[in-house]
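Visitor: Dropping in final-v4.cif, with mmCIF, C-alpha atoms.
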```
data_query
loop_
_atom_site.label_atom_id
_atom_site.label_comp_id
_atom_site.auth_asym_id
_atom_site.auth_seq_id
_atom_site.Cartn_x
_atom_site.Cartn_y
_atom_site.Cartn_z
CA MET A 1 -72.88 22.91 -12.52
CA ASP A 2 -69.86 21.80 -10.53
CA MET A 3 -66.27 22.71 -11.32
CA SER A 4 -63.04 21.98 -9.44
CA ASP A 5 -59.52 22.98 -10.34
CA GLN A 6 -56.31 24.42 -9.01
CA ARG A 7 -53.88 27.08 -10.18
CA THR A 8 -50.30 27.81 -9.18
CA ILE A 9 -49.67 31.50 -8.60
CA ALA A 10 -46.07 32.75 -8.45
CA ALA A 11 -46.50 34.67 -5.20
CA PRO A 12 -46.43 33.90 -1.47
CA ARG A 13 -49.69 32.78 0.16
CA GLU A 14 -50.04 36.00 2.21
CA VAL A 15 -49.83 38.12 -0.96
CA VAL A 16 -52.42 35.93 -2.74
CA TRP A 17 -54.70 36.10 0.33
CA ALA A 18 -54.46 39.90 0.49
CA ALA A 19 -55.22 40.17 -3.24
CA LEU A 20 -58.25 37.86 -2.96
CA ASN A 21 -59.64 40.28 -0.39
CA ASP A 22 -58.83 43.48 -2.31
CA PRO A 23 -61.85 44.81 -4.29
CA GLU A 24 -59.62 46.63 -6.80
CA VAL A 25 -57.65 43.47 -7.60
CA LEU A 26 -60.88 41.48 -7.90
CA LYS A 27 -62.46 44.12 -10.18
CA ALA A 28 -59.42 44.01 -12.47
CA SER A 29 -59.39 40.20 -12.45
CA ILE A 30 -63.06 39.33 -12.97
CA PRO A 31 -63.94 39.28 -16.70
CA GLY A 32 -66.60 41.90 -17.45
CA CYS A 33 -66.57 43.36 -13.94
CA GLU A 34 -67.70 46.97 -13.99
CA GLU A 35 -67.80 47.66 -10.27
CA ILE A 36 -67.29 46.08 -6.86
CA GLU A 37 -68.40 47.83 -3.72
CA LYS A 38 -67.17 46.53 -0.38
CA HIS A 39 -69.85 46.80 2.30
CA SER A 40 -67.88 45.02 5.05
CA ASP A 41 -65.03 42.53 5.44
CA THR A 42 -67.47 39.76 4.46
CA GLU A 43 -69.94 41.43 2.07
CA MET A 44 -69.61 43.04 -1.36
CA ALA A 45 -71.86 44.04 -4.23
CA ALA A 46 -70.79 43.64 -7.84
CA LYS A 47 -71.92 44.44 -11.38
CA VAL A 48 -70.62 42.23 -14.19
CA THR A 49 -71.50 42.22 -17.89
CA LEU A 50 -71.03 38.88 -19.65
CA LYS A 51 -71.81 37.28 -22.97
CA ILE A 52 -72.80 33.63 -22.81
CA GLY A 53 -73.44 32.35 -26.30
CA PRO A 54 -75.91 34.73 -27.93
CA VAL A 55 -77.02 36.23 -24.59
CA LYS A 56 -75.33 39.35 -23.24
CA ALA A 57 -76.43 40.57 -19.84
CA SER A 58 -75.42 42.76 -16.95
CA PHE A 59 -75.65 40.99 -13.63
CA LYS A 60 -75.96 42.73 -10.29
CA GLY A 61 -75.34 40.63 -7.25
CA GLN A 62 -74.30 40.23 -3.67
CA VAL A 63 -71.19 38.36 -2.58
CA THR A 64 -70.61 36.97 0.90
CA LEU A 65 -67.44 35.49 2.39
CA SER A 66 -67.74 32.79 5.06
CA ASP A 67 -65.64 30.05 6.67
CA ILE A 68 -62.79 32.58 6.69
CA ASP A 69 -59.43 31.09 7.72
CA PRO A 70 -56.70 33.65 6.90
CA PRO A 71 -54.49 33.08 4.92
CA LYS A 72 -55.63 29.52 4.18
CA GLY A 73 -58.96 30.17 2.47
CA TYR A 74 -62.67 30.89 2.61
CA THR A 75 -66.00 30.16 0.99
CA ILE A 76 -67.30 32.81 -1.37
CA SER A 77 -71.03 32.74 -2.14
CA GLY A 78 -72.99 34.91 -4.50
CA GLU A 79 -76.36 35.49 -6.04
CA GLY A 80 -77.10 37.75 -8.97
CA THR A 81 -79.78 38.70 -11.44
CA GLY A 82 -79.41 39.67 -15.06
CA GLY A 83 -82.93 40.83 -15.81
CA ALA A 84 -84.58 38.90 -18.64
CA ALA A 85 -81.34 36.95 -19.23
CA GLY A 86 -81.81 35.09 -15.97
CA HIS A 87 -80.16 34.62 -12.65
CA ALA A 88 -77.24 32.79 -11.08
CA LYS A 89 -76.45 31.50 -7.63
CA GLY A 90 -73.38 29.70 -6.42
CA SER A 91 -70.47 29.27 -4.08
CA ALA A 92 -66.81 28.40 -4.25
CA ALA A 93 -64.62 26.88 -1.56
CA VAL A 94 -61.18 28.47 -1.99
CA ARG A 95 -58.11 26.95 -0.35
CA LEU A 96 -54.57 28.35 -0.53
CA GLU A 97 -51.65 25.94 -0.18
CA GLU A 98 -48.05 27.06 0.22
CA ASP A 99 -45.67 25.61 -2.37
CA GLY A 100 -42.23 27.10 -1.72
CA GLU A 101 -42.39 30.69 -2.97
CA ASN A 102 -45.60 29.92 -4.90
CA THR A 103 -49.19 29.39 -3.85
CA ILE A 104 -51.53 26.69 -5.12
CA LEU A 105 -55.09 28.00 -5.21
CA HIS A 106 -57.65 25.18 -5.07
CA TYR A 107 -61.32 25.89 -5.80
CA ASP A 108 -64.53 23.87 -5.83
CA VAL A 109 -67.47 25.67 -7.43
CA LYS A 110 -71.15 24.81 -7.27
CA ALA A 111 -73.49 27.01 -9.32
CA GLN A 112 -77.06 27.13 -10.57
CA VAL A 113 -78.45 29.29 -13.37
CA GLY A 114 -81.98 30.03 -14.47
CA GLY A 115 -83.84 31.98 -17.14
CA LYS A 116 -82.63 32.40 -20.73
CA ILE A 117 -79.12 31.43 -19.72
CA ALA A 118 -80.27 28.02 -18.47
CA GLN A 119 -81.98 27.41 -21.82
CA LEU A 120 -78.63 27.66 -23.62
CA GLY A 121 -77.65 24.21 -22.42
CA GLY A 122 -75.22 22.75 -19.97
CA ARG A 123 -72.29 22.33 -22.33
CA LEU A 124 -72.24 25.99 -23.37
CA ILE A 125 -72.60 27.13 -19.77
CA ASP A 126 -69.85 24.76 -18.57
CA SER A 127 -67.42 25.79 -21.32
CA THR A 128 -68.14 29.48 -20.71
CA ALA A 129 -67.61 29.03 -16.96
CA LYS A 130 -64.26 27.32 -17.57
CA LYS A 131 -63.22 30.06 -20.00
CA LEU A 132 -64.17 32.80 -17.51
CA ALA A 133 -62.32 31.01 -14.69
CA GLY A 134 -59.24 30.81 -16.92
CA GLN A 135 -59.47 34.53 -17.75
CA PHE A 136 -59.90 35.39 -14.06
CA PHE A 137 -56.77 33.45 -13.05
CA ASP A 138 -54.71 34.82 -15.94
CA ASN A 139 -55.71 38.38 -14.96
CA PHE A 140 -55.26 37.70 -11.24
CA SER A 141 -51.83 36.11 -11.72
CA SER A 142 -50.58 39.00 -13.85
CA ILE A 143 -51.61 41.47 -11.13
CA VAL A 144 -50.39 39.48 -8.11
CA ALA A 145 -47.32 37.62 -9.34
CA PRO A 146 -44.11 39.51 -10.04
CA PRO A 147 -42.39 38.93 -13.39
CA PRO A 148 -39.81 36.12 -13.36
CA GLU A 149 -36.43 37.10 -11.95
CA GLY A 150 -34.26 38.84 -14.53
CA GLU A 151 -37.26 39.64 -16.74
CA GLU A 152 -38.85 43.03 -16.66
CA THR A 153 -42.13 43.90 -18.32
CA GLU A 154 -42.33 46.97 -20.56
CA GLU A 155 -44.54 48.69 -17.99
CA ALA A 156 -42.03 48.04 -15.19
CA ALA A 157 -39.18 49.29 -17.35
CA ASP A 158 -41.12 52.52 -17.93
CA GLY A 159 -41.84 52.80 -14.21
CA ASN A 160 -45.54 52.06 -14.74
CA SER A 161 -45.78 48.68 -13.03
CA LYS A 162 -49.25 47.15 -13.32
CA GLY A 163 -48.54 44.61 -10.57
CA TRP A 164 -50.38 44.57 -7.28
CA PHE A 165 -47.50 46.11 -5.36
CA GLY A 166 -46.86 48.61 -8.12
CA LYS A 167 -50.48 49.76 -7.95
CA MET A 168 -50.25 50.06 -4.18
CA PHE A 169 -47.13 52.19 -4.29
CA SER A 170 -48.29 54.33 -7.21
CA LYS A 171 -51.47 55.23 -5.32
CA LYS A 172 -49.39 56.44 -2.38
CA ASN A 173 -47.18 58.53 -4.66
CA GLU A 174 -49.93 60.04 -6.85
CA GLY A 175 -50.80 62.66 -4.28
CA SER A 176 -47.22 63.72 -3.55
CA SER A 177 -45.90 66.94 -5.05
CA GLN A 178 -42.39 65.65 -5.65
CA PRO A 179 -40.94 66.40 -9.12
#
```
Can the structure in the file be given as structure tokens, please?

Guide:
Amino acid sequence: MDMSDQRTIAAPREVVWAALNDPEVLKASIPGCEEIEKHSDTEMAAKVTLKIGPVKASFKGQVTLSDIDPPKGYTISGEGTGGAAGHAKGSAAVRLEEDGENTILHYDVKAQVGGKIAQLGGRLIDSTAKKLAGQFFDNFSSIVAPPPEGEETEEAADGNSKGWFGKMFSKKNEGSSQP
């Protein structure tokens, strides 16, 4: 399966780059992600539970970053197994392009699946992959991109910003004993 697309994210390229390398942001963005463990700057392990058609499986896998060119992009490669459901292997070339105050994220994905999942058929796998990519970018954008100027989300109005910067600052303040 091959898939190419691009998404505009309402944040500067450096912010998008930092978020793409932050395990907590990735965990919150990846549909079904239960855990991500960073082993080094280029290696991570992940556990993701997905439903593809009638098959629901938990996948455990290794992720490797290569061709790293901060903050312009990298290649992310992964391989995972989902027990009897099958296995998946793939890579994505990710390129970040500045567009004023926004960033255009380009990606080219190449993936292979095997086992029960492969028996479901190419159309179902392709449509599920596109749906998951859409969910990832919706989640990622809501974490990384600030709300439009003049608009404040309910969480921000309550002081509970869910944005990337809000999470960063709230973590620093959680341990303080200020009233």

Visitor: Rank nothing, just name the residue among A:Ala111, A:Pro31, A:Val94, A:Ile68 nearest to A:Leu50, using all atoms listed in the file.

Guide: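 Result for the nearest residue to A:Leu50: A:Pro31.
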
Visitor: Give me the residues within 12 Å of A:Asp69 as a list in words, counting all atoms listed in the file and dropping any in the same chain fewer than 3 places off.

Guide: Glu14, Trp17, Leu65, Ser66, Lys72, Gly73, Tyr74, Thr75, Ala93, Val94, Arg95 and Leu96 of chain A

Visitor: Which is closest to A:Ala19 among A:Ala118, A:Pro71, A:Thr64, A:Ala133, if we use only C-alpha atoms?

Guide: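 Closest to A:Ala19 of all the choices is A:Pro71.
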
Visitor: Which residues are close to A:Val25, i.e. within 8 Å by only C-alpha atoms, leaving aside same-chain residues fewer than 3 positions away? Reply as a PyMOL selection string.

Guide: chain A and resi 19-20+22+28-29+140+143+164

Visitor: Distance cut-off 10 Å, centre (-45.8, 30.7, -8.2) in file coordinates, counting only C-alpha atoms: which residues qualify? Return them as number ranges by chain.

Guide: A: 7-13, 98-104, 141, 144-146, 148

Visitor: Could you tell me how far atom CA of A:Lys110 lies from atom CA of A:Ala57, in Å and to one decimal?

Guide: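 If I compute the distance from atom CA of A:Lys110 to atom CA of A:Ala57, I get 20.8 Å.
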
Visitor: Could you please determine the separation between atom CA of A:Glu24 and atom CA of A:Ala46 in Å, to one decimal place?

Guide: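 Value for the atom CA of A:Glu24-atom CA of A:Ala46 distance: 11.6 Å.
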
Visitor: What is the atom CA of A:Asp138 to atom CA of A:Val113 distance in Å?

Guide: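 Rounded to one decimal, the two atoms are 24.5 Å apart.
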
Visitor: For A:Gln112, please output as number ranges by chain all residues within 8 Å (counting only C-alpha atoms; exclusion window: fewer than 4 positions along the same chain).

Guide: A: 1, 88-90

Visitor: Measuring atom to atom with only C-alpha atoms, identify which of A:His87, A:Lys27, A:Arg123, A:Lys56 is nearest to A:Met44.

Guide: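 The closest residue to A:Met44 is A:Lys27.
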
Visitor: Considering all atoms listed in the file, can you say which of A:Lys116, A:Ser4, A:Asn139, A:Glu34 comes closest to A:Pro54?

Guide: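 For A:Pro54, the nearest of the candidates is A:Lys116.
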
Visitor: Run the PyMOL selection byres ((chain A and resi 47) around 12) against the file shown and list the residues it catches, as a list of chain:residue names.

Guide: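 Taken over the shown coordinates, the PyMOL selection byres ((chain A and resi 47) around 12) returns A:Leu26, A:Lys27, A:Ile30, A:Pro31, A:Gly32, A:Cys33, A:Glu34, A:Glu35, A:Ile36, A:Glu37, A:Met44, A:Ala45, A:Ala46, A:Val48, A:Thr49, A:Leu50, A:Ala57, A:Ser58, A:Phe59, A:Lys60, A:Gly61, A:Gln62, A:Val63, A:Gly78, A:Glu79, A:Gly80, A:Thr81, A:Gly82.
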
Visitor: Which is closer to A:Ile125 than all the others in A:Ala85, A:Val16, A:Ile52, A:Asn21, using only C-alpha atoms?

Guide: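 So, comparing all the options, the nearest one is A:Ile52.
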
Visitor: From the options A:Val15, A:Tyr107, A:Ile76, A:Asp41, which residue's atoms come nearest to A:Phe137, counting all atoms listed in the file?

Guide: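 So, comparing all the options, the nearest one is A:Tyr107.
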
Visitor: Adding 3 Å on each side of the box along x, y and z that holds all listed atoms of stretch 33-43 of chain A, could you give its centre and edge lengths in Å to one decimal, as JSON?

Guide:
```
{"center_x": -67.5, "center_y": 43.8, "center_z": -4.3, "size_x": 10.9, "size_y": 14.1, "size_z": 25.4}
```
